[in-house]
file query36.cif (mmCIF, N, CA and C atoms)
data_target
loop_
_atom_site.label_atom_id
_atom_site.label_comp_id
_atom_site.auth_asym_id
_atom_site.auth_seq_id
_atom_site.Cartn_x
_atom_site.Cartn_y
_atom_site.Cartn_z
N MET A 1 203.72 -6.01 48.67
CA MET A 1 202.87 -7.17 48.88
C MET A 1 203.72 -8.42 48.99
N SER A 2 203.24 -9.32 49.78
CA SER A 2 203.94 -10.59 49.91
C SER A 2 203.48 -11.52 48.78
N GLY A 3 204.13 -12.65 48.67
CA GLY A 3 203.79 -13.60 47.63
C GLY A 3 202.38 -14.15 47.76
N SER A 4 201.76 -14.05 48.95
CA SER A 4 200.42 -14.60 49.15
C SER A 4 199.33 -13.65 48.65
N GLY A 5 199.72 -12.47 48.19
CA GLY A 5 198.73 -11.53 47.70
C GLY A 5 198.19 -10.61 48.78
N HIS A 6 198.68 -10.70 50.03
CA HIS A 6 198.23 -9.86 51.11
C HIS A 6 199.27 -8.77 51.37
N ALA A 7 198.80 -7.57 51.65
CA ALA A 7 199.72 -6.48 51.98
C ALA A 7 200.38 -6.77 53.32
N GLU A 8 201.64 -6.40 53.43
CA GLU A 8 202.36 -6.58 54.69
C GLU A 8 201.82 -5.58 55.70
N ALA A 9 201.71 -6.00 56.95
CA ALA A 9 201.19 -5.12 58.00
C ALA A 9 202.18 -3.98 58.25
N PRO A 10 201.66 -2.79 58.58
CA PRO A 10 202.55 -1.67 58.91
C PRO A 10 203.41 -2.00 60.13
N GLU A 11 204.53 -1.32 60.26
CA GLU A 11 205.46 -1.58 61.35
C GLU A 11 204.80 -1.46 62.72
N PHE A 12 203.95 -0.43 62.94
CA PHE A 12 203.31 -0.26 64.25
C PHE A 12 202.42 -1.46 64.58
N ALA A 13 201.77 -2.03 63.57
CA ALA A 13 200.90 -3.19 63.80
C ALA A 13 201.73 -4.42 64.13
N ARG A 14 202.86 -4.60 63.45
CA ARG A 14 203.74 -5.74 63.76
C ARG A 14 204.29 -5.61 65.18
N ARG A 15 204.68 -4.38 65.58
CA ARG A 15 205.17 -4.18 66.96
C ARG A 15 204.06 -4.48 67.96
N GLY A 16 202.84 -4.05 67.66
CA GLY A 16 201.71 -4.32 68.55
C GLY A 16 201.44 -5.80 68.69
N ARG A 17 201.52 -6.53 67.59
CA ARG A 17 201.32 -7.98 67.62
C ARG A 17 202.38 -8.64 68.50
N GLU A 18 203.62 -8.17 68.40
CA GLU A 18 204.71 -8.72 69.23
C GLU A 18 204.49 -8.39 70.70
N ARG A 19 204.06 -7.16 71.01
CA ARG A 19 203.80 -6.78 72.42
C ARG A 19 202.66 -7.61 72.99
N TYR A 20 201.63 -7.83 72.19
CA TYR A 20 200.50 -8.64 72.65
C TYR A 20 200.96 -10.07 72.95
N ALA A 21 201.69 -10.67 72.03
CA ALA A 21 202.16 -12.04 72.22
C ALA A 21 203.04 -12.15 73.46
N ALA A 22 203.87 -11.15 73.71
CA ALA A 22 204.74 -11.17 74.89
C ALA A 22 203.93 -11.02 76.17
N ALA A 23 202.92 -10.17 76.16
CA ALA A 23 202.13 -9.91 77.37
C ALA A 23 201.18 -11.06 77.69
N ILE A 24 200.56 -11.63 76.69
CA ILE A 24 199.53 -12.65 76.88
C ILE A 24 200.13 -14.05 76.88
N ARG A 25 201.27 -14.21 76.27
CA ARG A 25 201.93 -15.51 76.15
C ARG A 25 201.09 -16.48 75.31
N GLY A 26 200.31 -15.89 74.47
CA GLY A 26 199.50 -16.69 73.56
C GLY A 26 200.04 -16.50 72.17
N GLY A 27 199.20 -16.40 71.25
CA GLY A 27 199.61 -16.13 69.89
C GLY A 27 198.76 -15.03 69.33
N SER A 28 198.93 -14.79 68.08
CA SER A 28 198.11 -13.79 67.41
C SER A 28 196.70 -14.33 67.26
N TRP A 29 195.77 -13.42 67.13
CA TRP A 29 194.38 -13.80 66.88
C TRP A 29 194.23 -14.17 65.41
N GLU A 30 193.43 -15.15 65.13
CA GLU A 30 192.98 -15.40 63.77
C GLU A 30 191.91 -14.35 63.49
N LEU A 31 191.94 -13.75 62.34
CA LEU A 31 191.05 -12.63 62.04
C LEU A 31 189.59 -12.96 62.28
N GLN A 32 189.12 -14.09 61.80
CA GLN A 32 187.71 -14.45 61.95
C GLN A 32 187.32 -14.60 63.42
N ALA A 33 188.19 -15.22 64.21
CA ALA A 33 187.91 -15.39 65.65
C ALA A 33 187.87 -14.03 66.35
N TRP A 34 188.79 -13.15 65.98
CA TRP A 34 188.84 -11.82 66.59
C TRP A 34 187.59 -11.02 66.23
N LEU A 35 187.20 -11.02 64.97
CA LEU A 35 186.00 -10.29 64.55
C LEU A 35 184.76 -10.83 65.25
N TYR A 36 184.68 -12.13 65.46
CA TYR A 36 183.54 -12.74 66.14
C TYR A 36 183.37 -12.16 67.54
N GLU A 37 184.47 -11.83 68.22
CA GLU A 37 184.41 -11.29 69.57
C GLU A 37 183.72 -9.92 69.62
N PHE A 38 183.59 -9.24 68.50
CA PHE A 38 182.93 -7.94 68.45
C PHE A 38 181.46 -8.05 68.07
N ASP A 39 180.98 -9.25 67.84
CA ASP A 39 179.58 -9.48 67.50
C ASP A 39 178.74 -9.21 68.75
N PRO A 40 177.84 -8.21 68.70
CA PRO A 40 177.03 -7.91 69.88
C PRO A 40 176.13 -9.05 70.32
N ASP A 41 175.86 -10.00 69.44
CA ASP A 41 175.00 -11.13 69.78
C ASP A 41 175.80 -12.33 70.31
N SER A 42 177.12 -12.17 70.38
CA SER A 42 177.96 -13.27 70.87
C SER A 42 177.65 -13.54 72.33
N GLY A 43 177.48 -14.80 72.66
CA GLY A 43 177.21 -15.17 74.04
C GLY A 43 178.44 -15.15 74.92
N THR A 44 179.62 -15.05 74.32
CA THR A 44 180.85 -15.06 75.10
C THR A 44 181.38 -13.66 75.41
N ARG A 45 180.87 -12.66 74.74
CA ARG A 45 181.37 -11.30 74.95
C ARG A 45 180.77 -10.73 76.22
N GLY A 46 181.61 -10.27 77.14
CA GLY A 46 181.16 -9.76 78.42
C GLY A 46 181.18 -8.26 78.54
N TRP A 47 181.08 -7.55 77.43
CA TRP A 47 181.15 -6.09 77.47
C TRP A 47 180.39 -5.52 76.27
N ALA A 48 180.05 -4.24 76.37
CA ALA A 48 179.45 -3.50 75.26
C ALA A 48 180.22 -2.19 75.12
N TRP A 49 180.48 -1.79 73.89
CA TRP A 49 181.20 -0.55 73.62
C TRP A 49 180.45 0.62 74.24
N TRP A 50 181.20 1.52 74.90
CA TRP A 50 180.57 2.67 75.54
C TRP A 50 181.07 3.97 74.94
N ASP A 51 182.40 4.21 74.99
CA ASP A 51 182.93 5.49 74.52
C ASP A 51 184.45 5.40 74.39
N LEU A 52 185.02 6.44 73.84
CA LEU A 52 186.46 6.61 73.73
C LEU A 52 186.75 8.05 74.11
N THR A 53 187.62 8.26 75.10
CA THR A 53 187.98 9.61 75.50
C THR A 53 189.49 9.76 75.44
N HIS A 54 189.94 10.99 75.26
CA HIS A 54 191.36 11.27 75.11
C HIS A 54 191.74 12.46 76.00
N SER A 55 192.86 12.32 76.71
CA SER A 55 193.39 13.40 77.54
C SER A 55 194.59 14.02 76.84
N ALA A 56 194.47 15.28 76.46
CA ALA A 56 195.59 15.98 75.84
C ALA A 56 196.72 16.19 76.83
N ASP A 57 196.40 16.22 78.13
CA ASP A 57 197.42 16.45 79.16
C ASP A 57 198.50 15.37 79.17
N ASP A 58 198.09 14.11 79.12
CA ASP A 58 199.08 13.03 79.20
C ASP A 58 199.06 12.10 77.99
N GLY A 59 198.25 12.41 76.99
CA GLY A 59 198.21 11.59 75.78
C GLY A 59 197.52 10.25 75.95
N THR A 60 196.77 10.09 77.02
CA THR A 60 196.09 8.83 77.30
C THR A 60 194.72 8.80 76.63
N THR A 61 194.44 7.70 75.98
CA THR A 61 193.12 7.47 75.42
C THR A 61 192.51 6.31 76.19
N ARG A 62 191.27 6.47 76.58
CA ARG A 62 190.58 5.43 77.35
C ARG A 62 189.46 4.82 76.51
N ILE A 63 189.43 3.50 76.50
CA ILE A 63 188.33 2.76 75.88
C ILE A 63 187.37 2.42 77.01
N TRP A 64 186.16 2.91 76.93
CA TRP A 64 185.15 2.68 77.97
C TRP A 64 184.19 1.61 77.47
N VAL A 65 183.96 0.60 78.29
CA VAL A 65 183.00 -0.45 77.97
C VAL A 65 182.07 -0.67 79.15
N ASP A 66 180.88 -1.15 78.87
CA ASP A 66 179.91 -1.49 79.91
C ASP A 66 180.01 -2.99 80.15
N THR A 67 180.24 -3.39 81.40
CA THR A 67 180.36 -4.81 81.74
C THR A 67 179.13 -5.31 82.48
N TRP A 68 178.08 -4.54 82.50
CA TRP A 68 176.82 -4.90 83.15
C TRP A 68 177.04 -5.26 84.61
N GLY A 69 177.99 -4.59 85.24
CA GLY A 69 178.24 -4.79 86.66
C GLY A 69 179.19 -5.91 87.00
N GLU A 70 179.66 -6.65 86.02
CA GLU A 70 180.58 -7.75 86.27
C GLU A 70 181.97 -7.20 86.58
N SER A 71 182.63 -7.74 87.59
CA SER A 71 183.96 -7.26 87.95
C SER A 71 185.06 -7.96 87.15
N PHE A 72 184.73 -9.06 86.50
CA PHE A 72 185.70 -9.77 85.68
C PHE A 72 185.06 -10.06 84.34
N PHE A 73 185.78 -9.79 83.27
CA PHE A 73 185.26 -10.05 81.93
C PHE A 73 186.42 -10.25 80.97
N ALA A 74 186.20 -11.04 79.95
CA ALA A 74 187.23 -11.27 78.94
C ALA A 74 187.38 -10.00 78.10
N CYS A 75 188.62 -9.59 77.88
CA CYS A 75 188.83 -8.36 77.11
C CYS A 75 190.10 -8.41 76.27
N ASP A 76 190.64 -9.59 76.01
CA ASP A 76 191.86 -9.66 75.22
C ASP A 76 191.67 -9.13 73.80
N GLU A 77 190.46 -9.24 73.26
CA GLU A 77 190.23 -8.70 71.92
C GLU A 77 190.39 -7.18 71.91
N LEU A 78 190.04 -6.51 73.02
CA LEU A 78 190.24 -5.07 73.11
C LEU A 78 191.72 -4.73 73.26
N ARG A 79 192.44 -5.52 74.04
CA ARG A 79 193.89 -5.33 74.20
C ARG A 79 194.58 -5.49 72.84
N TRP A 80 194.22 -6.53 72.10
CA TRP A 80 194.78 -6.76 70.76
C TRP A 80 194.49 -5.56 69.87
N LEU A 81 193.25 -5.09 69.87
CA LEU A 81 192.86 -3.94 69.06
C LEU A 81 193.73 -2.72 69.38
N ALA A 82 193.89 -2.40 70.64
CA ALA A 82 194.67 -1.23 71.04
C ALA A 82 196.13 -1.35 70.62
N LEU A 83 196.71 -2.53 70.82
CA LEU A 83 198.13 -2.70 70.50
C LEU A 83 198.41 -2.68 69.00
N VAL A 84 197.62 -3.39 68.22
CA VAL A 84 197.90 -3.40 66.79
C VAL A 84 197.46 -2.11 66.10
N ALA A 85 196.69 -1.28 66.81
CA ALA A 85 196.34 0.04 66.28
C ALA A 85 197.45 1.06 66.55
N GLY A 86 198.49 0.65 67.30
CA GLY A 86 199.63 1.52 67.49
C GLY A 86 199.88 2.00 68.90
N SER A 87 199.14 1.49 69.88
CA SER A 87 199.37 1.91 71.27
C SER A 87 200.75 1.47 71.73
N ASP A 88 201.39 2.34 72.48
CA ASP A 88 202.68 2.00 73.07
C ASP A 88 202.50 1.21 74.36
N ASP A 89 201.38 1.42 75.04
CA ASP A 89 201.14 0.78 76.32
C ASP A 89 199.64 0.57 76.49
N VAL A 90 199.27 -0.58 77.01
CA VAL A 90 197.87 -0.85 77.32
C VAL A 90 197.83 -1.37 78.75
N SER A 91 196.99 -0.76 79.56
CA SER A 91 196.84 -1.22 80.94
C SER A 91 195.37 -1.37 81.25
N GLY A 92 195.11 -2.11 82.31
CA GLY A 92 193.72 -2.31 82.68
C GLY A 92 193.26 -3.71 82.32
N PRO A 93 192.03 -3.97 82.47
CA PRO A 93 190.93 -3.03 82.64
C PRO A 93 190.82 -2.50 84.08
N TYR A 94 190.24 -1.34 84.20
CA TYR A 94 189.96 -0.72 85.48
C TYR A 94 188.46 -0.54 85.59
N LEU A 95 187.89 -0.99 86.68
CA LEU A 95 186.46 -0.83 86.90
C LEU A 95 186.18 0.57 87.43
N ALA A 96 185.15 1.20 86.91
CA ALA A 96 184.79 2.56 87.34
C ALA A 96 183.29 2.71 87.26
N LYS A 97 182.76 3.54 88.13
CA LYS A 97 181.33 3.88 88.10
C LYS A 97 181.10 4.87 86.95
N VAL A 98 179.88 4.97 86.50
CA VAL A 98 179.54 5.84 85.38
C VAL A 98 179.89 7.31 85.68
N GLU A 99 179.90 7.68 86.94
CA GLU A 99 180.25 9.06 87.30
C GLU A 99 181.69 9.39 86.88
N ARG A 100 182.57 8.39 86.92
CA ARG A 100 183.96 8.60 86.49
C ARG A 100 184.00 8.92 85.00
N TRP A 101 183.17 8.26 84.22
CA TRP A 101 183.08 8.55 82.79
C TRP A 101 182.56 9.96 82.56
N HIS A 102 181.52 10.36 83.33
CA HIS A 102 180.99 11.72 83.21
C HIS A 102 182.08 12.74 83.47
N THR A 103 182.89 12.51 84.49
CA THR A 103 183.99 13.42 84.80
C THR A 103 185.01 13.46 83.66
N ALA A 104 185.33 12.30 83.11
CA ALA A 104 186.30 12.25 82.01
C ALA A 104 185.79 12.96 80.77
N VAL A 105 184.52 12.79 80.46
CA VAL A 105 183.95 13.44 79.28
C VAL A 105 183.95 14.95 79.46
N ALA A 106 183.67 15.41 80.66
CA ALA A 106 183.66 16.86 80.91
C ALA A 106 185.06 17.44 80.84
N ALA A 107 186.07 16.67 81.25
CA ALA A 107 187.44 17.18 81.32
C ALA A 107 188.25 16.96 80.05
N GLU A 108 187.89 15.97 79.26
CA GLU A 108 188.70 15.60 78.11
C GLU A 108 187.98 15.96 76.82
N PRO A 109 188.60 16.81 75.99
CA PRO A 109 187.99 17.14 74.71
C PRO A 109 187.96 15.90 73.81
N PRO A 110 187.05 15.86 72.84
CA PRO A 110 186.98 14.70 71.95
C PRO A 110 188.27 14.57 71.13
N LEU A 111 188.53 13.36 70.62
CA LEU A 111 189.69 13.15 69.77
C LEU A 111 189.60 14.02 68.53
N SER A 112 190.69 14.59 68.16
CA SER A 112 190.76 15.42 66.97
C SER A 112 190.97 14.55 65.75
N SER A 113 190.44 14.98 64.62
CA SER A 113 190.68 14.26 63.38
C SER A 113 191.84 14.88 62.61
N SER A 114 192.63 15.71 63.29
CA SER A 114 193.72 16.41 62.62
C SER A 114 195.01 15.61 62.60
N GLY A 115 194.95 14.33 62.95
CA GLY A 115 196.13 13.50 62.88
C GLY A 115 196.89 13.40 64.20
N ASP A 116 196.27 13.77 65.33
CA ASP A 116 196.93 13.61 66.62
C ASP A 116 197.29 12.15 66.80
N GLN A 117 198.48 11.91 67.36
CA GLN A 117 198.90 10.53 67.58
C GLN A 117 198.57 10.12 69.00
N VAL A 118 197.91 8.98 69.13
CA VAL A 118 197.59 8.43 70.44
C VAL A 118 198.74 7.54 70.86
N THR A 119 199.28 7.77 72.06
CA THR A 119 200.44 7.00 72.49
C THR A 119 200.11 5.94 73.52
N ARG A 120 199.02 6.08 74.25
CA ARG A 120 198.66 5.07 75.24
C ARG A 120 197.14 4.89 75.22
N LEU A 121 196.71 3.70 75.42
CA LEU A 121 195.29 3.42 75.51
C LEU A 121 195.02 2.74 76.84
N ARG A 122 193.93 3.13 77.45
CA ARG A 122 193.47 2.45 78.66
C ARG A 122 192.01 2.14 78.48
N ARG A 123 191.59 1.08 79.09
CA ARG A 123 190.18 0.76 79.13
C ARG A 123 189.67 1.16 80.46
#
call {"tool": "encode", "arguments": {"input": "query36.cif", "output": "structure tokens"}}
result
Amino acid sequence: MSGSGHAEAPEFARRGRERYAAAIRGGSWELQAWLYEFDPDSGTRGWAWWDLTHSADDGTTRIWVDTWGESFFACDELRWLALVAGSDDVSGPYLAKVERWHTAVAAEPPLSSSGDQVTRLRR
């Protein structure tokens, strides 16, 4: 623990924070501001959580969100989430029709709770 009484972040989270800051050229999120972005009643959030799929073939995990047909939407809070959760690479967002999700769900088994490590996340 640090002198402030807060536990130090794990190494993967610190690396994710550094990758985010380098990619976005911004700074870290303040916790309260970041949590607010996940409020479903927020007027600024342009997406709704849809699903999470994982491909054992290439180790890719995809975060699926519904953008209500919008081709552009703010998603830095999702990028921050993926990176500080330990992702080595985050790309996207990529727009896809719901049929693409159906194909992914049929082809990709659900994430295992046996401790599989996710190495890449895509939205």
call {"tool": "residues_around", "arguments": {"input": "query36.cif", "residues": "Arg17 (chain A)", "least_positions_apart": "4", "cutoff": "6 Å", "atoms": "only N, CA and C atoms", "output": "JSON, numbers by chain"}}
result
{"A": [12, 13, 21, 22, 83, 84]}
call {"tool": "select_by_dssp", "arguments": {"input": "query36.cif", "residues": "chain A", "states": "helix (DSSP H, G or I)", "output": "VMD selection string"}}
result
chain A and resid 11 to 24 31 to 36 76 to 84 98 to 107
call {"tool": "write_last_selection", "arguments": {"input": "query36.cif", "atoms": "N, CA and C atoms", "output": "mmCIF file, keeping the file's coordinate frame"}}
result
data_model
loop_
_atom_site.group_PDB
_atom_site.id
_atom_site.type_symbol
_atom_site.label_atom_id
_atom_site.label_comp_id
_atom_site.auth_asym_id
_atom_site.auth_seq_id
_atom_site.Cartn_x
_atom_site.Cartn_y
_atom_site.Cartn_z
ATOM 1 N N GLU A 11 204.530 -1.320 60.260
ATOM 2 C CA GLU A 11 205.460 -1.580 61.350
ATOM 3 C C GLU A 11 204.800 -1.460 62.720
ATOM 4 N N PHE A 12 203.950 -0.430 62.940
ATOM 5 C CA PHE A 12 203.310 -0.260 64.250
ATOM 6 C C PHE A 12 202.420 -1.460 64.580
ATOM 7 N N ALA A 13 201.770 -2.030 63.570
ATOM 8 C CA ALA A 13 200.900 -3.190 63.800
ATOM 9 C C ALA A 13 201.730 -4.420 64.130
ATOM 10 N N ARG A 14 202.860 -4.600 63.450
ATOM 11 C CA ARG A 14 203.740 -5.740 63.760
ATOM 12 C C ARG A 14 204.290 -5.610 65.180
ATOM 13 N N ARG A 15 204.680 -4.380 65.580
ATOM 14 C CA ARG A 15 205.170 -4.180 66.960
ATOM 15 C C ARG A 15 204.060 -4.480 67.960
ATOM 16 N N GLY A 16 202.840 -4.050 67.660
ATOM 17 C CA GLY A 16 201.710 -4.320 68.550
ATOM 18 C C GLY A 16 201.440 -5.800 68.690
ATOM 19 N N ARG A 17 201.520 -6.530 67.590
ATOM 20 C CA ARG A 17 201.320 -7.980 67.620
ATOM 21 C C ARG A 17 202.380 -8.640 68.500
ATOM 22 N N GLU A 18 203.620 -8.170 68.400
ATOM 23 C CA GLU A 18 204.710 -8.720 69.230
ATOM 24 C C GLU A 18 204.490 -8.390 70.700
ATOM 25 N N ARG A 19 204.060 -7.160 71.010
ATOM 26 C CA ARG A 19 203.800 -6.780 72.420
ATOM 27 C C ARG A 19 202.660 -7.610 72.990
ATOM 28 N N TYR A 20 201.630 -7.830 72.190
ATOM 29 C CA TYR A 20 200.500 -8.640 72.650
ATOM 30 C C TYR A 20 200.960 -10.070 72.950
ATOM 31 N N ALA A 21 201.690 -10.670 72.030
ATOM 32 C CA ALA A 21 202.160 -12.040 72.220
ATOM 33 C C ALA A 21 203.040 -12.150 73.460
ATOM 34 N N ALA A 22 203.870 -11.150 73.710
ATOM 35 C CA ALA A 22 204.740 -11.170 74.890
ATOM 36 C C ALA A 22 203.930 -11.020 76.170
ATOM 37 N N ALA A 23 202.920 -10.170 76.160
ATOM 38 C CA ALA A 23 202.130 -9.910 77.370
ATOM 39 C C ALA A 23 201.180 -11.060 77.690
ATOM 40 N N ILE A 24 200.560 -11.630 76.690
ATOM 41 C CA ILE A 24 199.530 -12.650 76.880
ATOM 42 C C ILE A 24 200.130 -14.050 76.880
ATOM 43 N N LEU A 31 191.940 -13.750 62.340
ATOM 44 C CA LEU A 31 191.050 -12.630 62.040
ATOM 45 C C LEU A 31 189.590 -12.960 62.280
ATOM 46 N N GLN A 32 189.120 -14.090 61.800
ATOM 47 C CA GLN A 32 187.710 -14.450 61.950
ATOM 48 C C GLN A 32 187.320 -14.600 63.420
ATOM 49 N N ALA A 33 188.190 -15.220 64.210
ATOM 50 C CA ALA A 33 187.910 -15.390 65.650
ATOM 51 C C ALA A 33 187.870 -14.030 66.350
ATOM 52 N N TRP A 34 188.790 -13.150 65.980
ATOM 53 C CA TRP A 34 188.840 -11.820 66.590
ATOM 54 C C TRP A 34 187.590 -11.020 66.230
ATOM 55 N N LEU A 35 187.200 -11.020 64.970
ATOM 56 C CA LEU A 35 186.000 -10.290 64.550
ATOM 57 C C LEU A 35 184.760 -10.830 65.250
ATOM 58 N N TYR A 36 184.680 -12.130 65.460
ATOM 59 C CA TYR A 36 183.540 -12.740 66.140
ATOM 60 C C TYR A 36 183.370 -12.160 67.540
ATOM 61 N N ASP A 76 190.640 -9.590 76.010
ATOM 62 C CA ASP A 76 191.860 -9.660 75.220
ATOM 63 C C ASP A 76 191.670 -9.130 73.800
ATOM 64 N N GLU A 77 190.460 -9.240 73.260
ATOM 65 C CA GLU A 77 190.230 -8.700 71.920
ATOM 66 C C GLU A 77 190.390 -7.180 71.910
ATOM 67 N N LEU A 78 190.040 -6.510 73.020
ATOM 68 C CA LEU A 78 190.240 -5.070 73.110
ATOM 69 C C LEU A 78 191.720 -4.730 73.260
ATOM 70 N N ARG A 79 192.440 -5.520 74.040
ATOM 71 C CA ARG A 79 193.890 -5.330 74.200
ATOM 72 C C ARG A 79 194.580 -5.490 72.840
ATOM 73 N N TRP A 80 194.220 -6.530 72.100
ATOM 74 C CA TRP A 80 194.780 -6.760 70.760
ATOM 75 C C TRP A 80 194.490 -5.560 69.870
ATOM 76 N N LEU A 81 193.250 -5.090 69.870
ATOM 77 C CA LEU A 81 192.860 -3.940 69.060
ATOM 78 C C LEU A 81 193.730 -2.720 69.380
ATOM 79 N N ALA A 82 193.890 -2.400 70.640
ATOM 80 C CA ALA A 82 194.670 -1.230 71.040
ATOM 81 C C ALA A 82 196.130 -1.350 70.620
ATOM 82 N N LEU A 83 196.710 -2.530 70.820
ATOM 83 C CA LEU A 83 198.130 -2.700 70.500
ATOM 84 C C LEU A 83 198.410 -2.680 69.000
ATOM 85 N N VAL A 84 197.620 -3.390 68.220
ATOM 86 C CA VAL A 84 197.900 -3.400 66.790
ATOM 87 C C VAL A 84 197.460 -2.110 66.100
ATOM 88 N N VAL A 98 179.880 4.970 86.500
ATOM 89 C CA VAL A 98 179.540 5.840 85.380
ATOM 90 C C VAL A 98 179.890 7.310 85.680
ATOM 91 N N GLU A 99 179.900 7.680 86.940
ATOM 92 C CA GLU A 99 180.250 9.060 87.300
ATOM 93 C C GLU A 99 181.690 9.390 86.880
ATOM 94 N N ARG A 100 182.570 8.390 86.920
ATOM 95 C CA ARG A 100 183.960 8.600 86.490
ATOM 96 C C ARG A 100 184.000 8.920 85.000
ATOM 97 N N TRP A 101 183.170 8.260 84.220
ATOM 98 C CA TRP A 101 183.080 8.550 82.790
ATOM 99 C C TRP A 101 182.560 9.960 82.560
ATOM 100 N N HIS A 102 181.520 10.360 83.330
ATOM 101 C CA HIS A 102 180.990 11.720 83.210
ATOM 102 C C HIS A 102 182.080 12.740 83.470
ATOM 103 N N THR A 103 182.890 12.510 84.490
ATOM 104 C CA THR A 103 183.990 13.420 84.800
ATOM 105 C C THR A 103 185.010 13.460 83.660
ATOM 106 N N ALA A 104 185.330 12.300 83.110
ATOM 107 C CA ALA A 104 186.300 12.250 82.010
ATOM 108 C C ALA A 104 185.790 12.960 80.770
ATOM 109 N N VAL A 105 184.520 12.790 80.460
ATOM 110 C CA VAL A 105 183.950 13.440 79.280
ATOM 111 C C VAL A 105 183.950 14.950 79.460
ATOM 112 N N ALA A 106 183.670 15.410 80.660
ATOM 113 C CA ALA A 106 183.660 16.860 80.910
ATOM 114 C C ALA A 106 185.060 17.440 80.840
ATOM 115 N N ALA A 107 186.070 16.670 81.250
ATOM 116 C CA ALA A 107 187.440 17.180 81.320
ATOM 117 C C ALA A 107 188.250 16.960 80.050
#
call {"tool": "atom_distance", "arguments": {"input": "query36.cif", "atom1": "CA of Thr67 (chain A)", "atom2": "CA of Trp50 (chain A)"}}
result
9.7 Å
call {"tool": "resolve_selection", "arguments": {"input": "query36.cif", "expression": "the PyMOL selection byres (((chain A and resi 97 and name CA) around 12) and name CA)", "output": "short mmCIF file (atom, residue, chain, number, x, y, z; two decimals) with N, CA and C atoms, in the coordinates of the input"}}
result
data_model
loop_
_atom_site.label_atom_id
_atom_site.label_comp_id
_atom_site.auth_asym_id
_atom_site.auth_seq_id
_atom_site.Cartn_x
_atom_site.Cartn_y
_atom_site.Cartn_z
N TRP A 64 186.16 2.91 76.93
CA TRP A 64 185.15 2.68 77.97
C TRP A 64 184.19 1.61 77.47
N VAL A 65 183.96 0.60 78.29
CA VAL A 65 183.00 -0.45 77.97
C VAL A 65 182.07 -0.67 79.15
N ASP A 66 180.88 -1.15 78.87
CA ASP A 66 179.91 -1.49 79.91
C ASP A 66 180.01 -2.99 80.15
N THR A 67 180.24 -3.39 81.40
CA THR A 67 180.36 -4.81 81.74
C THR A 67 179.13 -5.31 82.48
N TRP A 68 178.08 -4.54 82.50
CA TRP A 68 176.82 -4.90 83.15
C TRP A 68 177.04 -5.26 84.61
N GLY A 69 177.99 -4.59 85.24
CA GLY A 69 178.24 -4.79 86.66
C GLY A 69 179.19 -5.91 87.00
N GLU A 70 179.66 -6.65 86.02
CA GLU A 70 180.58 -7.75 86.27
C GLU A 70 181.97 -7.20 86.58
N SER A 71 182.63 -7.74 87.59
CA SER A 71 183.96 -7.26 87.95
C SER A 71 185.06 -7.96 87.15
N TYR A 94 190.24 -1.34 84.20
CA TYR A 94 189.96 -0.72 85.48
C TYR A 94 188.46 -0.54 85.59
N LEU A 95 187.89 -0.99 86.68
CA LEU A 95 186.46 -0.83 86.90
C LEU A 95 186.18 0.57 87.43
N ALA A 96 185.15 1.20 86.91
CA ALA A 96 184.79 2.56 87.34
C ALA A 96 183.29 2.71 87.26
N VAL A 98 179.88 4.97 86.50
CA VAL A 98 179.54 5.84 85.38
C VAL A 98 179.89 7.31 85.68
N GLU A 99 179.90 7.68 86.94
CA GLU A 99 180.25 9.06 87.30
C GLU A 99 181.69 9.39 86.88
N ARG A 100 182.57 8.39 86.92
CA ARG A 100 183.96 8.60 86.49
C ARG A 100 184.00 8.92 85.00
N TRP A 101 183.17 8.26 84.22
CA TRP A 101 183.08 8.55 82.79
C TRP A 101 182.56 9.96 82.56
N HIS A 102 181.52 10.36 83.33
CA HIS A 102 180.99 11.72 83.21
C HIS A 102 182.08 12.74 83.47
N THR A 103 182.89 12.51 84.49
CA THR A 103 183.99 13.42 84.80
C THR A 103 185.01 13.46 83.66
N ALA A 104 185.33 12.30 83.11
CA ALA A 104 186.30 12.25 82.01
C ALA A 104 185.79 12.96 80.77
#
call {"tool": "closest_residue", "arguments": {"input": "query36.cif", "among": "A:Val105, A:Asp41, A:Glu11, A:Glu77", "to": "Thr53 (chain A)", "atoms": "only C-alpha atoms"}}
result
A:Val105
call {"tool": "closest_residue", "arguments": {"input": "query36.cif", "among": "A:Ala107, A:Trp29, A:Thr60, A:Pro40", "to": "Asp88 (chain A)", "atoms": "only C-alpha atoms"}}
result
A:Thr60
call {"tool": "residues_near_point", "arguments": {"input": "query36.cif", "point": "(187.9, -7.4, 76.9)", "cutoff": "12 Å", "atoms": "only C-alpha atoms", "output": "ChimeraX atom specification"}}
result
/A:34,37-38,44-49,63-67,70-82,90-94,122-123
call {"tool": "atom_distance", "arguments": {"input": "query36.cif", "atom1": "atom C of Tyr20 (chain A)", "atom2": "atom C of Ala85 (chain A)"}}
result
13.3 Å
call {"tool": "atom_distance", "arguments": {"input": "query36.cif", "atom1": "CA of Gly16 (chain A)", "atom2": "CA of Leu31 (chain A)"}}
result
15.0 Å
call {"tool": "select_by_dssp", "arguments": {"input": "query36.cif", "residues": "region 59-96 of chain A", "states": "strand (DSSP E)", "output": "PyMOL selection string"}}
result
chain A and resi 60-66+89-91
call {"tool": "closest_residue", "arguments": {"input": "query36.cif", "among": "A:Ser28, A:Arg14, A:Ser42, A:Ser87", "to": "Gly59 (chain A)", "atoms": "only C-alpha atoms"}}
result
A:Ser87
